[in-house]
Every structure is written in C-alpha cells, then in structure tokens.
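> Next comes the structure file input-v4.txt, holding compact mmCIF, C-alpha atoms.
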# COMPACT_ATOMS: atom_id res chain seq x y z
CA MET A 215 0.00 0.00 0.00
CA ALA A 216 1.10 3.54 -0.57
CA ARG A 217 -0.07 6.87 0.76
CA PHE A 218 -3.37 7.25 2.52
CA ASP A 219 -6.14 8.15 0.08
CA ARG A 220 -7.31 10.67 2.65
CA HIS A 221 -5.97 11.74 6.01
CA LEU A 222 -8.11 13.50 8.61
CA PHE A 223 -6.78 15.60 11.44
CA ILE A 224 -9.07 16.37 14.33
CA CYS A 225 -7.91 19.11 16.68
CA THR A 226 -7.67 17.90 20.27
CA ASN A 227 -5.94 20.97 21.65
CA GLU A 228 -6.87 22.06 25.17
CA ARG A 229 -6.36 25.57 26.46
CA ASP A 230 -6.68 26.86 29.98
CA GLU A 231 -10.15 28.18 30.77
CA SER A 232 -8.70 31.65 31.18
CA ALA A 233 -7.24 31.69 27.64
CA SER A 234 -8.45 34.37 25.25
CA ARG A 235 -9.35 31.84 22.56
CA PRO A 236 -11.42 28.67 22.97
CA SER A 237 -10.09 25.20 22.19
CA CYS A 238 -11.45 22.03 20.64
CA LEU A 239 -10.89 19.37 23.31
CA PRO A 240 -13.52 20.63 25.76
CA LEU A 241 -15.99 20.56 22.86
CA GLY A 242 -15.68 16.80 22.59
CA SER A 243 -13.05 16.32 19.90
CA LYS A 244 -11.66 13.09 21.40
CA LYS A 245 -15.08 11.47 21.03
CA LEU A 246 -15.23 12.91 17.53
CA LYS A 247 -11.93 11.26 16.63
CA SER A 248 -13.14 7.92 17.97
CA ALA A 249 -16.37 8.27 16.00
CA PHE A 250 -14.40 8.94 12.80
CA LYS A 251 -12.14 5.94 13.41
CA ASP A 252 -15.13 3.67 14.01
CA ALA A 253 -17.05 4.95 10.98
CA ILE A 254 -14.00 4.66 8.69
CA LYS A 255 -13.50 1.08 9.83
CA GLU A 256 -17.15 0.26 9.31
CA ALA A 257 -16.94 1.69 5.80
CA GLY A 258 -14.11 -0.75 5.06
CA LEU A 259 -11.61 2.10 4.60
CA LYS A 260 -9.36 1.43 7.57
CA HIS A 261 -6.26 0.93 5.44
CA GLN A 262 -6.95 3.72 2.96
CA ILE A 263 -8.05 6.54 5.26
CA ARG A 264 -6.64 7.56 8.62
CA ALA A 265 -8.10 9.80 11.32
CA ASN A 266 -5.54 11.43 13.59
CA GLU A 267 -5.57 13.71 16.56
CA SER A 268 -3.65 16.92 16.05
CA GLY A 269 -2.44 19.89 17.98
CA CYS A 270 -4.07 23.30 17.55
CA LEU A 271 -5.14 23.88 13.95
CA ASP A 272 -5.54 27.61 14.68
CA GLN A 273 -9.21 27.88 13.72
CA CYS A 274 -10.15 28.00 17.39
CA GLU A 275 -13.47 29.84 17.18
CA HIS A 276 -14.88 27.13 14.92
CA GLY A 277 -14.30 24.04 17.00
CA PRO A 278 -14.36 21.19 16.91
CA VAL A 279 -12.31 21.59 13.73
CA VAL A 280 -11.39 18.85 11.25
CA VAL A 281 -9.22 19.11 8.14
CA VAL A 282 -9.15 16.48 5.40
CA TYR A 283 -6.02 16.14 3.28
CA PRO A 284 -4.91 16.03 0.53
CA ASP A 285 -8.20 17.77 -0.33
CA ALA A 286 -7.50 20.55 2.20
CA VAL A 287 -11.19 20.65 3.06
CA TRP A 288 -11.85 22.27 6.43
CA TYR A 289 -14.88 21.49 8.57
CA GLY A 290 -16.01 23.45 11.61
CA PHE A 291 -18.45 22.94 14.49
CA VAL A 292 -18.39 19.21 13.74
CA LYS A 293 -20.57 17.00 15.94
CA VAL A 294 -20.44 13.25 16.43
CA SER A 295 -23.80 13.16 14.67
CA ASP A 296 -22.14 14.63 11.54
CA VAL A 297 -19.53 11.89 11.25
CA SER A 298 -21.54 9.36 9.26
CA GLU A 299 -22.43 12.00 6.65
CA ILE A 300 -18.81 13.13 6.25
CA VAL A 301 -17.63 9.53 5.92
CA GLU A 302 -20.36 8.48 3.49
CA GLU A 303 -20.40 11.62 1.35
CA HIS A 304 -16.84 12.88 1.44
CA LEU A 305 -14.64 9.91 2.25
CA VAL A 306 -16.57 7.25 0.33
CA HIS A 307 -17.98 9.31 -2.55
CA GLY A 308 -15.57 12.25 -2.73
CA ARG A 309 -18.26 14.89 -2.19
CA PRO A 310 -17.33 17.31 0.63
CA VAL A 311 -20.23 18.14 2.95
CA GLU A 312 -20.79 21.77 2.04
CA ARG A 313 -23.00 22.64 5.03
CA LEU A 314 -20.15 21.81 7.42
CA ARG A 315 -17.27 23.49 5.57
CA LEU A 316 -15.64 26.53 7.07
CA ALA A 317 -16.50 29.51 4.92
CA PRO A 318 -13.47 30.90 3.03
CA GLY A 319 -13.83 34.09 5.07
CA CYS A 320 -13.56 32.09 8.29
CA LEU A 321 -10.31 30.28 7.50
CA ASN A 322 -7.04 31.74 8.76
CA THR A 323 -8.54 35.08 9.47
CA ALA A 324 -8.05 37.57 12.27
CA SER A 325 -11.71 38.49 12.11
CA CYS A 326 -14.88 36.72 11.00
CA PRO A 327 -18.45 36.44 12.32
CA HIS A 328 -17.17 33.83 14.80
CA ARG A 329 -14.05 35.74 15.72
CA PRO A 330 -14.71 39.39 16.48
CA PRO A 331 -11.66 41.68 16.28
CA ALA A 332 -9.61 41.61 19.48
CA MET B 142 -6.02 34.45 3.79
CA ALA B 143 -7.20 31.07 2.72
CA ARG B 144 -5.91 27.57 3.20
CA PHE B 145 -2.38 26.90 4.31
CA ASP B 146 -0.04 26.50 1.35
CA ARG B 147 1.49 23.58 3.19
CA HIS B 148 0.65 21.87 6.45
CA LEU B 149 3.15 19.69 8.31
CA PHE B 150 2.24 17.09 10.86
CA ILE B 151 4.95 15.81 13.17
CA CYS B 152 4.12 12.67 15.12
CA THR B 153 4.46 13.18 18.86
CA ASN B 154 2.91 9.89 19.90
CA GLU B 155 4.36 8.16 22.95
CA ARG B 156 4.00 4.47 23.64
CA ASP B 157 4.84 2.58 26.76
CA GLU B 158 8.37 1.18 26.74
CA SER B 159 6.95 -2.33 26.73
CA ALA B 160 4.96 -1.74 23.52
CA SER B 161 5.74 -3.90 20.51
CA ARG B 162 6.26 -0.91 18.22
CA PRO B 163 8.40 2.14 18.89
CA SER B 164 7.03 5.69 18.98
CA CYS B 165 8.19 9.11 17.88
CA LEU B 166 8.08 11.22 21.04
CA PRO B 167 11.04 9.55 22.77
CA LEU B 168 13.03 10.20 19.59
CA GLY B 169 12.73 13.94 20.10
CA SER B 170 9.74 14.88 17.97
CA LYS B 171 8.63 17.75 20.25
CA LYS B 172 11.97 19.45 19.66
CA LEU B 173 11.56 18.70 15.98
CA LYS B 174 8.20 20.44 15.92
CA SER B 175 9.64 23.49 17.65
CA ALA B 176 12.53 23.56 15.18
CA PHE B 177 10.08 23.47 12.25
CA LYS B 178 7.98 26.26 13.76
CA ASP B 179 11.07 28.42 14.29
CA ALA B 180 12.47 27.78 10.82
CA ILE B 181 9.12 28.43 9.12
CA LYS B 182 8.84 31.73 10.99
CA GLU B 183 12.39 32.69 10.06
CA ALA B 184 11.62 31.95 6.42
CA GLY B 185 8.74 34.43 6.61
CA LEU B 186 6.16 31.69 6.01
CA LYS B 187 4.41 31.75 9.37
CA HIS B 188 1.02 32.60 7.88
CA GLN B 189 1.27 30.34 4.85
CA ILE B 190 2.67 27.16 6.38
CA ARG B 191 1.79 25.49 9.66
CA ALA B 192 3.62 22.81 11.63
CA ASN B 193 1.42 20.75 13.93
CA GLU B 194 1.87 17.96 16.37
CA SER B 195 -0.15 14.88 15.57
CA GLY B 196 -1.11 11.57 17.08
CA CYS B 197 0.39 8.34 15.77
CA LEU B 198 0.89 8.44 12.00
CA ASP B 199 1.34 4.66 11.96
CA GLN B 200 4.82 4.64 10.40
CA CYS B 201 6.31 3.85 13.80
CA GLU B 202 9.53 2.11 12.73
CA HIS B 203 10.62 5.22 10.82
CA GLY B 204 10.41 7.85 13.52
CA PRO B 205 10.49 10.68 13.94
CA VAL B 206 7.98 10.85 11.11
CA VAL B 207 6.72 13.99 9.36
CA VAL B 208 4.09 14.29 6.63
CA VAL B 209 3.64 17.37 4.48
CA TYR B 210 0.22 18.07 2.97
CA PRO B 211 -1.30 18.66 0.50
CA ASP B 212 1.79 17.18 -1.18
CA ALA B 213 1.46 13.96 0.87
CA VAL B 214 5.23 13.76 1.12
CA TRP B 215 6.39 11.54 3.97
CA TYR B 216 9.71 11.94 5.72
CA GLY B 217 11.27 9.48 8.13
CA PHE B 218 14.12 9.48 10.63
CA VAL B 219 14.02 13.27 10.62
CA LYS B 220 16.53 15.05 12.83
CA VAL B 221 16.54 18.65 14.02
CA SER B 222 19.59 19.12 11.81
CA ASP B 223 17.45 18.23 8.76
CA VAL B 224 14.86 20.94 9.39
CA SER B 225 16.58 23.83 7.63
CA GLU B 226 17.02 21.74 4.47
CA ILE B 227 13.37 20.66 4.43
CA VAL B 228 12.20 24.23 4.96
CA GLU B 229 14.53 25.76 2.38
CA GLU B 230 14.19 23.08 -0.28
CA HIS B 231 10.68 21.77 0.12
CA LEU B 232 8.68 24.51 1.80
CA VAL B 233 10.32 27.50 0.14
CA HIS B 234 11.24 26.04 -3.25
CA GLY B 235 8.79 23.15 -3.61
CA ARG B 236 11.47 20.49 -4.00
CA PRO B 237 10.97 17.59 -1.58
CA VAL B 238 14.17 16.38 0.07
CA GLU B 239 14.53 12.99 -1.58
CA ARG B 240 17.16 11.61 0.80
CA LEU B 241 14.72 11.93 3.73
CA ARG B 242 11.58 10.58 2.07
CA LEU B 243 10.15 7.29 3.20
CA ALA B 244 10.63 4.79 0.42
CA PRO B 245 7.32 3.72 -1.19
CA GLY B 246 7.94 0.22 0.14
CA CYS B 247 8.21 1.58 3.68
CA LEU B 248 4.90 3.46 3.75
CA ASN B 249 1.85 1.74 5.20
CA THR B 250 3.39 -1.64 5.03
CA ALA B 251 3.29 -4.62 7.35
CA SER B 252 6.87 -5.46 6.46
CA CYS B 253 9.86 -3.47 5.22
CA PRO B 254 13.58 -3.39 6.02
CA HIS B 255 12.74 -1.31 9.09
CA ARG B 256 9.78 -3.42 10.12
CA PRO B 257 10.50 -7.12 10.06
CA PRO B 258 7.41 -9.38 9.93
CA ALA B 259 5.91 -9.94 13.37
Before we go any further, please render this structure as structure tokens.


Amino acid sequence: MARFDRHLFICTNERDESASRPSCLPLGSKKLKSAFKDAIKEAGLKHQIRANESGCLDQCEHGPVVVVYPDAVWYGFVKVSDVSEIVEEHLVHGRPVERLRLAPGCLNTASCPHRPPA
Amino acid sequence: MARFDRHLFICTNERDESASRPSCLPLGSKKLKSAFKDAIKEAGLKHQIRANESGCLDQCEHGPVVVVYPDAVWYGFVKVSDVSEIVEEHLVHGRPVERLRLAPGCLNTASCPHRPPA
C-alpha cells in the first residue's frame, strides 16, 4: 500500500479556561476522533483513510475543527452526529459536505463572524 | 487568507516502553516540531505554512515521522539538523528532500527493512 487516500486531522488541543481563545478538546473532539475511526473502519476504509488527533489547527473559534487532506477541506463545528455524513459523502464518494465546511472568510482570518476583532 | 499552502504534521505519539512498536516522542519529535515552527517563521512563512503535532501516524519504525500536505510527502528518521534543508528546499522552493523521504515500500506496510514481519 502507498499513501493514505485521505488523512483527517481532528484538533484535540486544550487551552486553559482563562485563555483568550477557545479550544477544541472541551468541545468533545476526542469522542469525535473515535467516531471517525469507528465509521471509517465500518466503511471498510481502515487501510486507505486515517483519522488522527492533532495539535491546535488555529481555527479556534470554529471548534471542533477537522481538516481532510490532501483535499485541504476544512470542517467546523463538527458534531459526532455529523460523522456518518462526512464519511459516506466525502470519504466514500468524494463529495465534501458543504454545510459543514468553514466559509473561506472564516479560514485563517483575524476576524470573522465567529471571531470578532480583538 | 485562505488555506495553508502547506501543512506539516509531526508525530508526537508516545507508547509505553513495553509496547511492541516504537514511537516518535522519545526520539525527540517535540523538539523537531519546535525547530520546524522556528524555521518556518524565520523563512517568513508563518502565515502560509503550519507545523502541527499529531497523534500516531502509523509509520512507527521510521520515527520521527513527518508528513507534508497537500503534497502527501512523507519523511522518516528526521533530525533537528534536517529541518533547515526541508524548509529551504521543500517549503520555500517546492522540492521535496529525496534523501529523507520514506521509500514507497516503507509506507503503510506490514513489512519493510525497518519493520520485520511480526
């Protein structure tokens, strides 16, 4: 086997409660990672697609955040209940789930509707 | 700004010493991540390229392991002293550092020269 067909990274960063930006772990991203791993296995894609924890993906106001490579598709506010749709639509059929994608104006920005200017 | 031009994931997984496979953290991958972050900043690419920690990338016999997306270029046995070359050659000029790439026969395999059959 060669490279993974797709590789998901799920932010599991945890900040102190007093931090100025939120973080993904307290929003349940460990459970999210487990749900992705289970759903990928159930879809028979265990060897082709991998779901990994990652450090802070720097999209902190949109957590839990997931990025799918090599597509570079970013999802925000992902819930465990969204996992089966992402796996079936995106990972199996190659159709990113538009309703869960971070808007272009929300990605790597200092200010967006979810991140008011400091 | 939009997506990252490139996104590095450096495995910082740690297994128990009694585990059957090795892991990247004891091989210095936290220092490696810091070195990548520093070198990317020095190259003026802080906003275009991100270096993240990740969970186990499952190439455990080749640690420390780094994967660069969206290229899907995998590096193994990466040392802090290799970081400047990867940043200058690959991240700045788009030329992967061939001498550090995992051989195709080493990626996602149950057996390779570094991973004898169980």

> Which polymer residues have any atom within 9 Å of an atom of Val228 (chain B), counting all atoms listed in the file, with same-chain residues fewer than 6 positions away left out, as an NGL selection string?

:B and (177 or 180-181 or 184 or 234)

> Got a sec to pull out which chain B residues are within 10 Å of chain A, counting all atoms listed in the file, and send them as a compact mmCIF listing (two decimals) with C-alpha atoms, keeping the file's coordinate frame?


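Here's the written file out.txt:
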# COMPACT_ATOMS: atom_id res chain seq x y z
CA MET B 142 -6.02 34.45 3.79
CA ALA B 143 -7.20 31.07 2.72
CA ARG B 144 -5.91 27.57 3.20
CA PHE B 145 -2.38 26.90 4.31
CA ASP B 146 -0.04 26.50 1.35
CA ARG B 147 1.49 23.58 3.19
CA HIS B 148 0.65 21.87 6.45
CA PHE B 150 2.24 17.09 10.86
CA ILE B 151 4.95 15.81 13.17
CA CYS B 152 4.12 12.67 15.12
CA THR B 153 4.46 13.18 18.86
CA ASN B 154 2.91 9.89 19.90
CA HIS B 188 1.02 32.60 7.88
CA GLN B 189 1.27 30.34 4.85
CA ARG B 191 1.79 25.49 9.66
CA ALA B 192 3.62 22.81 11.63
CA ASN B 193 1.42 20.75 13.93
CA GLU B 194 1.87 17.96 16.37
CA SER B 195 -0.15 14.88 15.57
CA GLY B 196 -1.11 11.57 17.08
CA CYS B 197 0.39 8.34 15.77
CA LEU B 198 0.89 8.44 12.00
CA ASP B 199 1.34 4.66 11.96
CA VAL B 209 3.64 17.37 4.48
CA TYR B 210 0.22 18.07 2.97
CA PRO B 211 -1.30 18.66 0.50
CA ASP B 212 1.79 17.18 -1.18
CA ALA B 213 1.46 13.96 0.87
CA VAL B 214 5.23 13.76 1.12
CA TRP B 215 6.39 11.54 3.97
CA ALA B 244 10.63 4.79 0.42
CA PRO B 245 7.32 3.72 -1.19
CA GLY B 246 7.94 0.22 0.14
CA CYS B 247 8.21 1.58 3.68
CA LEU B 248 4.90 3.46 3.75
CA ASN B 249 1.85 1.74 5.20
CA THR B 250 3.39 -1.64 5.03
CA ALA B 251 3.29 -4.62 7.35

> Give me, as a list in words, all polymer residues having an atom no more than 12 Å from Leu314 (chain A), counting all atoms listed in the file and skipping those fewer than 6 positions away in the same chain.

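The neighbour list is His276, Gly277, Pro278, Val279, Val280, Val281, Val287, Trp288, Tyr289, Gly290, Phe291, Val292, Lys293, Ser295, Asp296, Val297, Glu299, Ile300, Glu303 and His304 of chain A.
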
> So what do you get for CA of Arg229 (chain A) versus CA of His328 (chain A), distance-wise?

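Taking CA of Arg229 (chain A) as the start and CA of His328 (chain A) as the end point, the length is 17.9 Å.
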